[in-house]
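Structure file start09.cif (mmCIF, C-alpha atoms) is printed below.
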data_query
loop_
_atom_site.label_atom_id
_atom_site.label_comp_id
_atom_site.auth_asym_id
_atom_site.auth_seq_id
_atom_site.Cartn_x
_atom_site.Cartn_y
_atom_site.Cartn_z
CA MET A 8 -41.83 15.87 57.53
CA ALA A 9 -43.96 15.91 54.39
CA CYS A 10 -42.26 14.47 51.32
CA SER A 11 -44.63 15.94 48.80
CA ILE A 12 -46.12 19.36 48.43
CA ALA A 13 -49.69 19.59 49.62
CA ALA A 14 -50.73 23.22 49.22
CA GLY A 15 -50.29 26.05 46.76
CA ARG A 16 -49.75 29.73 47.32
CA ALA A 17 -52.23 31.91 45.50
CA ALA A 18 -51.55 35.57 44.80
CA ALA A 19 -54.26 36.49 47.29
CA SER A 20 -52.26 34.92 50.14
CA GLY A 21 -49.74 37.73 50.11
CA CYS A 22 -47.68 37.59 46.93
CA GLY A 23 -49.30 40.72 45.56
CA THR A 24 -49.37 42.85 48.70
CA ALA A 25 -46.89 45.72 48.98
CA THR A 26 -44.85 45.38 52.16
CA LYS A 27 -42.54 47.95 53.65
CA ALA A 28 -38.95 46.72 53.88
CA GLY A 29 -36.69 46.99 56.88
CA LEU A 30 -36.62 46.46 60.61
CA ASN A 31 -37.69 48.97 63.24
CA GLU A 32 -34.46 49.87 65.02
CA LEU A 33 -36.42 51.27 67.97
CA ASN A 34 -38.53 48.18 68.57
CA ALA A 35 -35.95 45.45 69.07
CA TRP A 36 -35.35 43.30 72.12
CA LEU A 37 -32.66 40.84 73.14
CA VAL A 38 -33.27 38.15 75.71
CA ASN A 39 -31.15 35.34 77.07
CA ARG A 40 -32.35 32.38 75.06
CA ALA A 41 -32.56 30.16 78.13
CA ASP A 42 -34.98 32.62 79.75
CA ILE A 43 -37.68 32.56 77.10
CA ALA A 44 -39.88 29.85 75.64
CA PHE A 45 -42.22 30.34 72.70
CA GLY A 46 -45.46 28.56 71.96
CA ALA A 47 -45.46 26.09 69.10
CA VAL A 48 -45.08 27.63 65.66
CA SER A 49 -48.04 26.87 63.43
CA ALA A 50 -47.00 24.86 60.38
CA SER A 51 -49.51 26.69 58.21
CA THR A 52 -49.07 30.31 59.36
CA GLY A 53 -45.51 30.35 60.74
CA ILE A 54 -46.84 32.13 63.81
CA SER A 55 -46.23 31.50 67.49
CA ALA A 56 -48.95 33.04 69.62
CA THR A 57 -47.29 33.07 73.03
CA PHE A 58 -44.08 33.30 74.96
CA THR A 59 -43.25 32.75 78.60
CA MET A 60 -40.35 34.06 80.63
CA SER A 61 -38.70 31.97 83.31
CA GLY A 62 -38.79 33.37 86.83
CA VAL A 63 -38.05 37.06 87.15
CA THR A 64 -36.12 37.30 83.89
CA VAL A 65 -36.77 40.14 81.46
CA VAL A 66 -36.38 41.08 77.82
CA TYR A 67 -34.00 43.94 77.13
CA PRO A 68 -34.92 46.71 74.70
CA TYR A 69 -31.97 47.23 72.37
CA ALA A 70 -31.92 50.25 70.10
CA PHE A 71 -29.65 50.25 67.06
CA ASP A 72 -28.87 52.91 64.53
CA SER A 73 -31.37 52.94 61.67
CA ARG A 74 -28.61 52.59 59.05
CA GLY A 75 -27.68 49.02 58.28
CA PHE A 76 -29.98 47.37 60.81
CA GLN A 77 -30.89 44.25 58.92
CA PHE A 78 -31.60 40.54 59.00
CA ASP A 79 -30.65 37.77 56.59
CA GLU A 80 -31.17 34.05 56.90
CA THR A 81 -29.68 31.25 54.85
CA MET A 82 -30.78 27.64 54.85
CA THR A 83 -28.25 24.94 54.04
CA THR A 84 -28.49 21.23 53.51
CA ASP A 85 -25.68 19.00 54.71
CA GLN A 86 -24.31 17.19 51.65
CA ASN A 87 -23.66 14.01 53.61
CA THR A 88 -26.54 13.76 56.06
CA GLY A 89 -29.21 15.82 54.36
CA ALA A 90 -29.79 17.70 57.61
CA ILE A 91 -31.31 21.13 57.07
CA THR A 92 -30.12 24.03 59.20
CA HIS A 93 -30.61 27.78 59.22
CA LYS A 94 -28.18 30.61 59.81
CA PRO A 95 -29.80 33.89 60.78
CA VAL A 96 -27.55 36.96 60.73
CA VAL A 97 -28.60 40.23 62.36
CA THR A 98 -26.45 43.28 61.65
CA GLY A 99 -26.73 46.42 63.75
CA ARG A 100 -24.71 49.47 64.68
CA PHE A 101 -24.15 51.40 67.86
CA ILE A 102 -23.57 54.87 66.47
CA GLY A 103 -20.40 56.69 67.47
CA LEU A 104 -17.17 55.69 69.12
CA SER A 105 -17.52 55.89 72.87
CA GLY A 106 -16.69 54.05 76.03
CA LYS A 107 -20.37 53.21 76.46
CA ASN A 108 -20.58 51.58 73.03
CA ARG A 109 -17.38 49.68 73.68
CA ALA A 110 -18.78 48.44 76.99
CA ASP A 111 -22.04 47.35 75.35
CA VAL A 112 -20.12 45.32 72.76
CA GLU A 113 -18.11 43.67 75.53
CA LEU A 114 -21.33 42.71 77.31
CA LEU A 115 -22.57 40.88 74.21
CA LYS A 116 -19.53 38.61 74.02
CA ASN A 117 -20.14 34.97 74.95
CA THR A 118 -23.90 35.41 75.29
CA ASN A 119 -26.57 33.14 73.82
CA LEU A 120 -29.46 35.31 72.78
CA CYS A 121 -32.81 35.39 71.11
CA MET A 122 -33.98 38.53 69.31
CA ILE A 123 -37.51 39.82 68.91
CA VAL A 124 -37.82 42.67 66.47
CA GLU A 125 -40.67 44.50 64.86
CA ALA A 126 -40.36 44.83 61.10
CA LYS A 127 -41.47 48.09 59.50
CA SER A 128 -44.38 46.14 58.07
CA GLY A 129 -45.63 45.85 61.68
CA LEU A 130 -44.88 42.15 62.13
CA PHE A 131 -42.96 40.87 65.13
CA LEU A 132 -40.22 38.42 64.15
CA VAL A 133 -38.17 36.08 66.31
CA PHE A 134 -34.60 35.09 65.48
CA GLY A 135 -32.44 32.54 67.27
CA ALA A 136 -35.14 30.74 69.21
CA THR A 137 -33.78 27.19 68.89
CA ALA A 138 -29.97 27.49 69.16
CA GLY A 139 -29.48 31.17 69.95
CA LEU A 140 -27.49 34.07 68.55
CA THR A 141 -24.01 35.01 69.63
CA LEU A 142 -21.86 38.02 68.86
CA ASP A 143 -20.24 36.77 65.68
CA THR A 144 -18.28 39.77 64.41
CA ASN A 145 -17.60 43.34 65.52
CA THR A 146 -15.89 46.11 63.58
CA ALA A 147 -15.34 49.63 64.78
CA GLY A 148 -14.68 52.60 62.55
CA SER A 149 -14.44 56.37 62.45
CA THR A 150 -15.55 57.33 58.95
CA ALA A 151 -19.06 58.43 58.06
CA GLU A 152 -19.75 55.04 56.47
CA ASN A 153 -18.73 52.93 59.41
CA LEU A 154 -18.86 55.29 62.38
CA GLY A 155 -19.32 53.38 65.60
CA GLU A 156 -19.51 49.72 66.45
CA ILE A 157 -20.97 47.43 63.82
CA LEU A 158 -22.06 44.05 65.12
CA THR A 159 -23.31 40.84 63.63
CA LEU A 160 -25.24 38.44 65.78
CA SER A 161 -25.49 34.95 64.37
CA THR A 162 -25.43 31.27 65.17
CA SER A 163 -22.15 29.40 65.54
CA GLU A 164 -21.10 26.78 62.97
CA ALA A 165 -21.36 24.06 65.59
CA ASN A 166 -24.82 25.07 66.77
CA PRO A 167 -27.06 26.28 63.93
CA GLU A 168 -30.76 26.95 64.14
CA SER A 169 -32.90 23.91 63.49
CA GLU A 170 -35.88 26.05 62.51
CA LYS A 171 -36.46 29.16 60.45
CA TYR A 172 -37.28 32.49 62.02
CA PHE A 173 -40.97 32.88 62.87
CA GLN A 174 -43.60 35.49 63.56
CA LEU A 175 -44.88 36.28 67.05
CA LEU A 176 -48.49 37.40 67.21
CA ASP A 177 -50.85 37.38 70.15
CA THR A 178 -54.26 38.66 69.02
CA ASP A 179 -52.92 41.74 67.23
CA ALA A 180 -49.83 43.95 66.97
CA ALA A 181 -50.82 46.16 69.93
CA THR A 182 -51.33 43.20 72.26
CA THR A 183 -48.07 41.59 71.11
CA LEU A 184 -46.18 44.82 71.72
CA ALA A 185 -47.81 45.20 75.15
CA LEU A 186 -46.74 41.67 76.12
CA ILE A 187 -43.14 42.38 75.13
CA VAL A 188 -42.96 45.80 76.80
CA ALA A 189 -44.57 44.37 79.93
CA ALA A 190 -41.80 41.75 79.98
CA GLU A 191 -39.04 44.39 79.95
CA MET D 28 -81.00 25.84 121.93
CA ALA D 29 -81.72 29.48 121.52
CA LYS D 30 -78.23 30.31 122.71
CA GLY D 31 -76.78 27.75 120.31
CA THR D 32 -78.60 29.39 117.48
CA ASP D 33 -77.07 32.70 118.45
CA THR D 34 -73.63 31.10 118.54
CA ASN D 35 -74.14 29.49 115.16
CA GLU D 36 -75.13 32.80 113.69
CA ALA D 37 -72.01 34.40 115.11
CA GLU D 38 -69.82 31.64 113.71
CA ALA D 39 -71.47 31.51 110.29
CA PRO D 40 -68.81 31.54 107.60
CA GLN D 41 -68.11 34.96 106.28
CA VAL D 42 -69.03 35.40 102.67
CA THR D 43 -66.16 37.15 100.99
CA SER D 44 -66.78 38.92 97.76
CA PRO D 45 -64.53 37.84 94.89
CA THR D 46 -61.69 40.20 94.11
CA MET D 47 -63.05 42.72 91.70
CA ALA D 48 -60.86 43.19 88.67
CA LYS D 49 -60.05 46.80 87.99
CA LYS D 50 -61.66 48.37 84.98
CA TYR D 51 -59.77 50.70 82.69
CA LYS D 52 -61.00 53.34 80.30
CA ILE D 53 -59.42 55.88 78.03
CA LYS D 54 -59.96 59.28 79.62
CA GLY D 55 -62.48 61.44 77.86
CA GLY D 56 -64.34 58.39 76.53
CA ALA D 57 -62.20 58.09 73.40
CA GLU D 58 -62.31 54.86 71.40
CA THR D 59 -58.57 54.73 70.66
CA LEU D 60 -55.44 55.97 72.37
CA ASN D 61 -51.98 56.64 71.01
CA TYR D 62 -50.07 56.16 74.24
CA PRO D 63 -46.74 58.05 74.21
CA GLY D 64 -43.91 55.67 73.36
CA PHE D 65 -46.29 52.86 72.33
CA LYS D 66 -46.24 52.50 68.58
CA HIS D 67 -49.63 50.89 68.03
CA PRO D 68 -53.02 52.47 68.77
CA VAL D 69 -54.74 50.98 71.81
CA THR D 70 -58.49 50.61 71.67
CA LYS D 71 -61.23 50.61 74.26
CA ALA D 72 -61.60 46.87 73.54
CA HIS D 73 -57.94 46.29 74.48
CA LEU D 74 -58.44 47.99 77.85
CA GLU D 75 -61.65 46.12 78.55
CA GLY D 76 -60.38 42.73 77.32
CA GLU D 77 -58.71 39.88 79.16
CA LYS D 78 -55.23 41.27 78.43
CA ALA D 79 -56.01 44.69 79.95
CA GLU D 80 -53.50 44.22 82.77
CA VAL D 81 -50.74 43.55 80.22
CA PHE D 82 -51.40 46.93 78.60
CA ILE D 83 -51.44 48.62 82.00
CA LYS D 84 -48.12 47.03 82.95
CA ALA D 85 -46.63 48.07 79.60
CA PHE D 86 -47.84 51.68 80.02
CA LYS D 87 -46.34 51.89 83.50
CA LYS D 88 -43.03 50.54 82.16
CA LEU D 89 -43.04 53.19 79.43
CA ASP D 90 -43.65 55.92 82.00
CA ALA D 91 -40.82 54.58 84.13
CA LYS D 92 -38.47 54.56 81.12
CA ALA D 93 -39.50 58.07 80.12
CA ASN D 94 -38.77 59.28 83.63
CA ALA D 95 -35.40 57.53 83.69
CA ASP D 96 -34.45 59.38 80.48
CA ARG D 97 -35.97 62.73 81.49
CA ALA D 98 -33.67 65.71 81.86
CA GLN D 99 -32.86 66.82 85.37
CA GLY D 100 -35.21 69.52 86.62
CA THR D 101 -38.02 68.70 84.21
CA PRO D 102 -41.39 67.63 85.66
CA GLU D 103 -42.14 63.97 86.27
CA ILE D 104 -43.91 62.21 83.41
CA ASN D 105 -47.16 60.48 84.30
CA ASN D 106 -48.92 59.64 81.06
CA PHE D 107 -50.83 56.87 82.78
CA ASP D 108 -52.89 59.22 84.92
CA LYS D 109 -53.20 61.60 81.99
CA PHE D 110 -54.72 59.05 79.62
CA ILE D 111 -56.14 56.17 81.66
CA GLU D 112 -59.09 56.18 84.01
CA VAL D 113 -59.14 53.40 86.59
CA GLY D 114 -62.59 52.27 87.72
#
Show this structure as structure tokens.
Amino acid sequence: MACSIAAGRAAASGCGTATKAGLNELNAWLVNRADIAFGAVSASTGISATFTMSGVTVVYPYAFDSRGFQFDETMTTDQNTGAITHKPVVTGRFIGLSGKNRADVELLKNTNLCMIVEAKSGLFLVFGATAGLTLDTNTAGSTAENLGEILTLSTSEANPESEKYFQLLDTDAATTLALIVAAE
Amino acid sequence: MAKGTDTNEAEAPQVTSPTMAKKYKIKGGAETLNYPGFKHPVTKAHLEGEKAEVFIKAFKKLDAKANADRAQGTPEINNFDKFIEVG
């Protein structure tokens, strides 16, 4: 790993470009982490250009409610070892209280997942590629503010991500989307 | 050896033509297509490029999903035949 900085970041590289916030709740996929492998992430662009699925495995489209569908990631440095790890947290909601939503929450327990999601800016982002996401918390509620099943998918304390989230891009957004949909 | 010649001709290895890759076009000759359920516009170049089969597979998956979600009694959805011409 480089010990000194070796490149700047001019305004033209993206600092001044308006970008739409938020994730597209209708273009999200979950996949068993063991079933998918991504091409190397470029150190300069943060992009992986490929992914491969093992055997006959598939990616699962996973629609969430538009409200509160979000991603946060925190990097921490171990005070003793200096090891750097990342904790991605994806929050989503299955709208409404129903047996189906309950069953879907149950199915997420004890899984080890990777998420591909399209941001509203049109970029495809990958979370949980190195250690995997698990169902971390679940709350259910009946009021307008918390109606349904609210989930957080995150890494466990014992098994954090060794790398940051990254962007998936094969040629262009249409081709990337086609590759993902074809893998469903 | 005339007979042998005949035999050799009969046993000459058959020349098989290489499998021809299918060619895809947007119906009506349009340059871009907004395929139902596919968020990004698909261009003629996408359908003629090396990843054409990936787009075709994705479109067929979208049709299958649309049909799985379609209300009972409504006609079958076949956007593929509606928008794509196979050559």
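Matched in the shown structure by the PyMOL selection byres ((chain D) within 9 of (chain A)): Phe65, Lys66, His67, Pro68, Val69, His73, Lys78, Val81, Phe82, Ile83, Lys84, Ala85, Phe86, Lys87, Lys88 and Leu89 of chain D.
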* Which polymer residues have any atom within 9 Å of an atom of A:Gly103, counting only C-alpha atoms, with same-chain residues fewer than 5 positions away left out, as a list in words? -> Asn108, Gly148, Ser149, Leu154, Gly155 and Glu156 of chain A
* Structure fact -> A straight line from atom CA of A:Ser49 to atom CA of A:Thr141 spans 26.1 Å
* **Neighbour list for stretch 93-98 of chain A as a PyMOL selection string, cut-off 8 Å, all atoms listed in the file, skip fewer than 3 positions in-chain** => chain A and resi 75-83+134-135+157-162+167-172
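Between atom CA of A:Arg40 and atom CA of D:Pro63 the interatomic distance comes to 29.4 Å.
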* Using the chain letters and numbers from the file, give me the residues hit by the PyMOL selection byres ((chain A and resi 115) around 10), as an MDAnalysis selection string. => chainID A and resid 110:114 116:120 141:143 158 160
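Residue nearest A:Met122, chosen from A:Asp85, A:Leu140, A:Ala151, A:Thr59 and counting all atoms listed in the file: A:Leu140.
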* To do: Just the residues within 7 Å of A:Gly46, please, counting all atoms listed in the file, with nothing from its chain fewer than 3 positions along; format it as a VMD selection string.
  => chain A and resid 55 to 58
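If you look at atom CA of A:Glu152 and atom CA of A:Phe71, they are 15.3 Å away from each other.
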* Could you tell me which residues the PyMOL selection byres ((chain D and resi 113) around 12) grabs in this file, written as a PyMOL selection string? => chain D and resi 48-54+74-75+79-80+83+107-112+114
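Proximity ranking of A:Asp42, A:Gly89, A:Ala70, A:Thr52 relative to A:Leu175 places A:Thr52 first, based on only C-alpha atoms.
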* **For D:Asp90, the nearest of the candidates D:Ala72, D:Thr59, D:Glu77, D:Ile104, counting all atoms listed in the file** => D:Ile104
Can you complete the atoms of stretch 45-70 of chain D to N, CA and C atoms and list them as a PDB file, in the frame of the given file?
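Once written, rebuild.pdb looks like this:
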ATOM      1  N   PRO D  45     -65.703  38.111  95.724  1.00  0.00           N
ATOM      2  CA  PRO D  45     -64.530  37.840  94.890  1.00  0.00           C
ATOM      3  C   PRO D  45     -63.796  39.133  94.578  1.00  0.00           C
ATOM      4  N   THR D  46     -62.472  39.007  94.419  1.00  0.00           N
ATOM      5  CA  THR D  46     -61.690  40.200  94.110  1.00  0.00           C
ATOM      6  C   THR D  46     -62.172  40.811  92.800  1.00  0.00           C
ATOM      7  N   MET D  47     -62.542  42.052  92.893  1.00  0.00           N
ATOM      8  CA  MET D  47     -63.050  42.720  91.700  1.00  0.00           C
ATOM      9  C   MET D  47     -61.890  43.176  90.831  1.00  0.00           C
ATOM     10  N   ALA D  48     -61.913  42.758  89.583  1.00  0.00           N
ATOM     11  CA  ALA D  48     -60.860  43.190  88.670  1.00  0.00           C
ATOM     12  C   ALA D  48     -61.052  44.673  88.366  1.00  0.00           C
ATOM     13  N   LYS D  49     -59.947  45.376  88.289  1.00  0.00           N
ATOM     14  CA  LYS D  49     -60.050  46.800  87.990  1.00  0.00           C
ATOM     15  C   LYS D  49     -60.510  46.989  86.547  1.00  0.00           C
ATOM     16  N   LYS D  50     -61.211  48.062  86.335  1.00  0.00           N
ATOM     17  CA  LYS D  50     -61.660  48.370  84.980  1.00  0.00           C
ATOM     18  C   LYS D  50     -60.930  49.603  84.497  1.00  0.00           C
ATOM     19  N   TYR D  51     -60.544  49.582  83.244  1.00  0.00           N
ATOM     20  CA  TYR D  51     -59.770  50.700  82.690  1.00  0.00           C
ATOM     21  C   TYR D  51     -60.502  51.307  81.500  1.00  0.00           C
ATOM     22  N   LYS D  52     -60.384  52.621  81.420  1.00  0.00           N
ATOM     23  CA  LYS D  52     -61.000  53.340  80.300  1.00  0.00           C
ATOM     24  C   LYS D  52     -60.019  54.379  79.791  1.00  0.00           C
ATOM     25  N   ILE D  53     -60.198  54.765  78.557  1.00  0.00           N
ATOM     26  CA  ILE D  53     -59.420  55.880  78.030  1.00  0.00           C
ATOM     27  C   ILE D  53     -60.109  57.149  78.506  1.00  0.00           C
ATOM     28  N   LYS D  54     -59.343  58.053  79.092  1.00  0.00           N
ATOM     29  CA  LYS D  54     -59.960  59.280  79.620  1.00  0.00           C
ATOM     30  C   LYS D  54     -60.639  60.068  78.508  1.00  0.00           C
ATOM     31  N   GLY D  55     -61.746  60.640  78.834  1.00  0.00           N
ATOM     32  CA  GLY D  55     -62.480  61.440  77.860  1.00  0.00           C
ATOM     33  C   GLY D  55     -63.411  60.599  77.001  1.00  0.00           C
ATOM     34  N   GLY D  56     -63.430  59.275  77.268  1.00  0.00           N
ATOM     35  CA  GLY D  56     -64.340  58.390  76.530  1.00  0.00           C
ATOM     36  C   GLY D  56     -63.923  58.106  75.106  1.00  0.00           C
ATOM     37  N   ALA D  57     -62.658  58.338  74.773  1.00  0.00           N
ATOM     38  CA  ALA D  57     -62.200  58.090  73.400  1.00  0.00           C
ATOM     39  C   ALA D  57     -62.186  56.593  73.101  1.00  0.00           C
ATOM     40  N   GLU D  58     -62.301  56.269  71.826  1.00  0.00           N
ATOM     41  CA  GLU D  58     -62.310  54.860  71.400  1.00  0.00           C
ATOM     42  C   GLU D  58     -60.892  54.325  71.244  1.00  0.00           C
ATOM     43  N   THR D  59     -59.957  55.173  70.838  1.00  0.00           N
ATOM     44  CA  THR D  59     -58.570  54.730  70.660  1.00  0.00           C
ATOM     45  C   THR D  59     -57.611  55.705  71.335  1.00  0.00           C
ATOM     46  N   LEU D  60     -56.453  55.176  71.678  1.00  0.00           N
ATOM     47  CA  LEU D  60     -55.440  55.970  72.370  1.00  0.00           C
ATOM     48  C   LEU D  60     -54.086  55.710  71.738  1.00  0.00           C
ATOM     49  N   ASN D  61     -53.377  56.773  71.435  1.00  0.00           N
ATOM     50  CA  ASN D  61     -51.980  56.640  71.010  1.00  0.00           C
ATOM     51  C   ASN D  61     -51.128  56.963  72.226  1.00  0.00           C
ATOM     52  N   TYR D  62     -50.810  55.947  73.001  1.00  0.00           N
ATOM     53  CA  TYR D  62     -50.070  56.160  74.240  1.00  0.00           C
ATOM     54  C   TYR D  62     -48.629  56.563  73.912  1.00  0.00           C
ATOM     55  N   PRO D  63     -48.106  57.604  74.523  1.00  0.00           N
ATOM     56  CA  PRO D  63     -46.740  58.050  74.210  1.00  0.00           C
ATOM     57  C   PRO D  63     -45.719  56.922  74.379  1.00  0.00           C
ATOM     58  N   GLY D  64     -44.939  56.700  73.315  1.00  0.00           N
ATOM     59  CA  GLY D  64     -43.910  55.670  73.360  1.00  0.00           C
ATOM     60  C   GLY D  64     -44.388  54.287  72.936  1.00  0.00           C
ATOM     61  N   PHE D  65     -45.720  54.149  72.738  1.00  0.00           N
ATOM     62  CA  PHE D  65     -46.290  52.860  72.330  1.00  0.00           C
ATOM     63  C   PHE D  65     -46.734  53.003  70.884  1.00  0.00           C
ATOM     64  N   LYS D  66     -46.088  52.246  70.003  1.00  0.00           N
ATOM     65  CA  LYS D  66     -46.240  52.500  68.580  1.00  0.00           C
ATOM     66  C   LYS D  66     -47.645  52.238  68.021  1.00  0.00           C
ATOM     67  N   HIS D  67     -48.342  51.270  68.597  1.00  0.00           N
ATOM     68  CA  HIS D  67     -49.630  50.890  68.030  1.00  0.00           C
ATOM     69  C   HIS D  67     -50.803  51.507  68.784  1.00  0.00           C
ATOM     70  N   PRO D  68     -51.849  51.906  68.082  1.00  0.00           N
ATOM     71  CA  PRO D  68     -53.020  52.470  68.770  1.00  0.00           C
ATOM     72  C   PRO D  68     -53.663  51.418  69.686  1.00  0.00           C
ATOM     73  N   VAL D  69     -54.077  51.865  70.848  1.00  0.00           N
ATOM     74  CA  VAL D  69     -54.740  50.980  71.810  1.00  0.00           C
ATOM     75  C   VAL D  69     -56.213  51.346  71.832  1.00  0.00           C
ATOM     76  N   THR D  70     -57.050  50.348  71.744  1.00  0.00           N
ATOM     77  CA  THR D  70     -58.490  50.610  71.670  1.00  0.00           C
ATOM     78  C   THR D  70     -59.161  50.365  73.027  1.00  0.00           C
TER      79      THR D  70
END
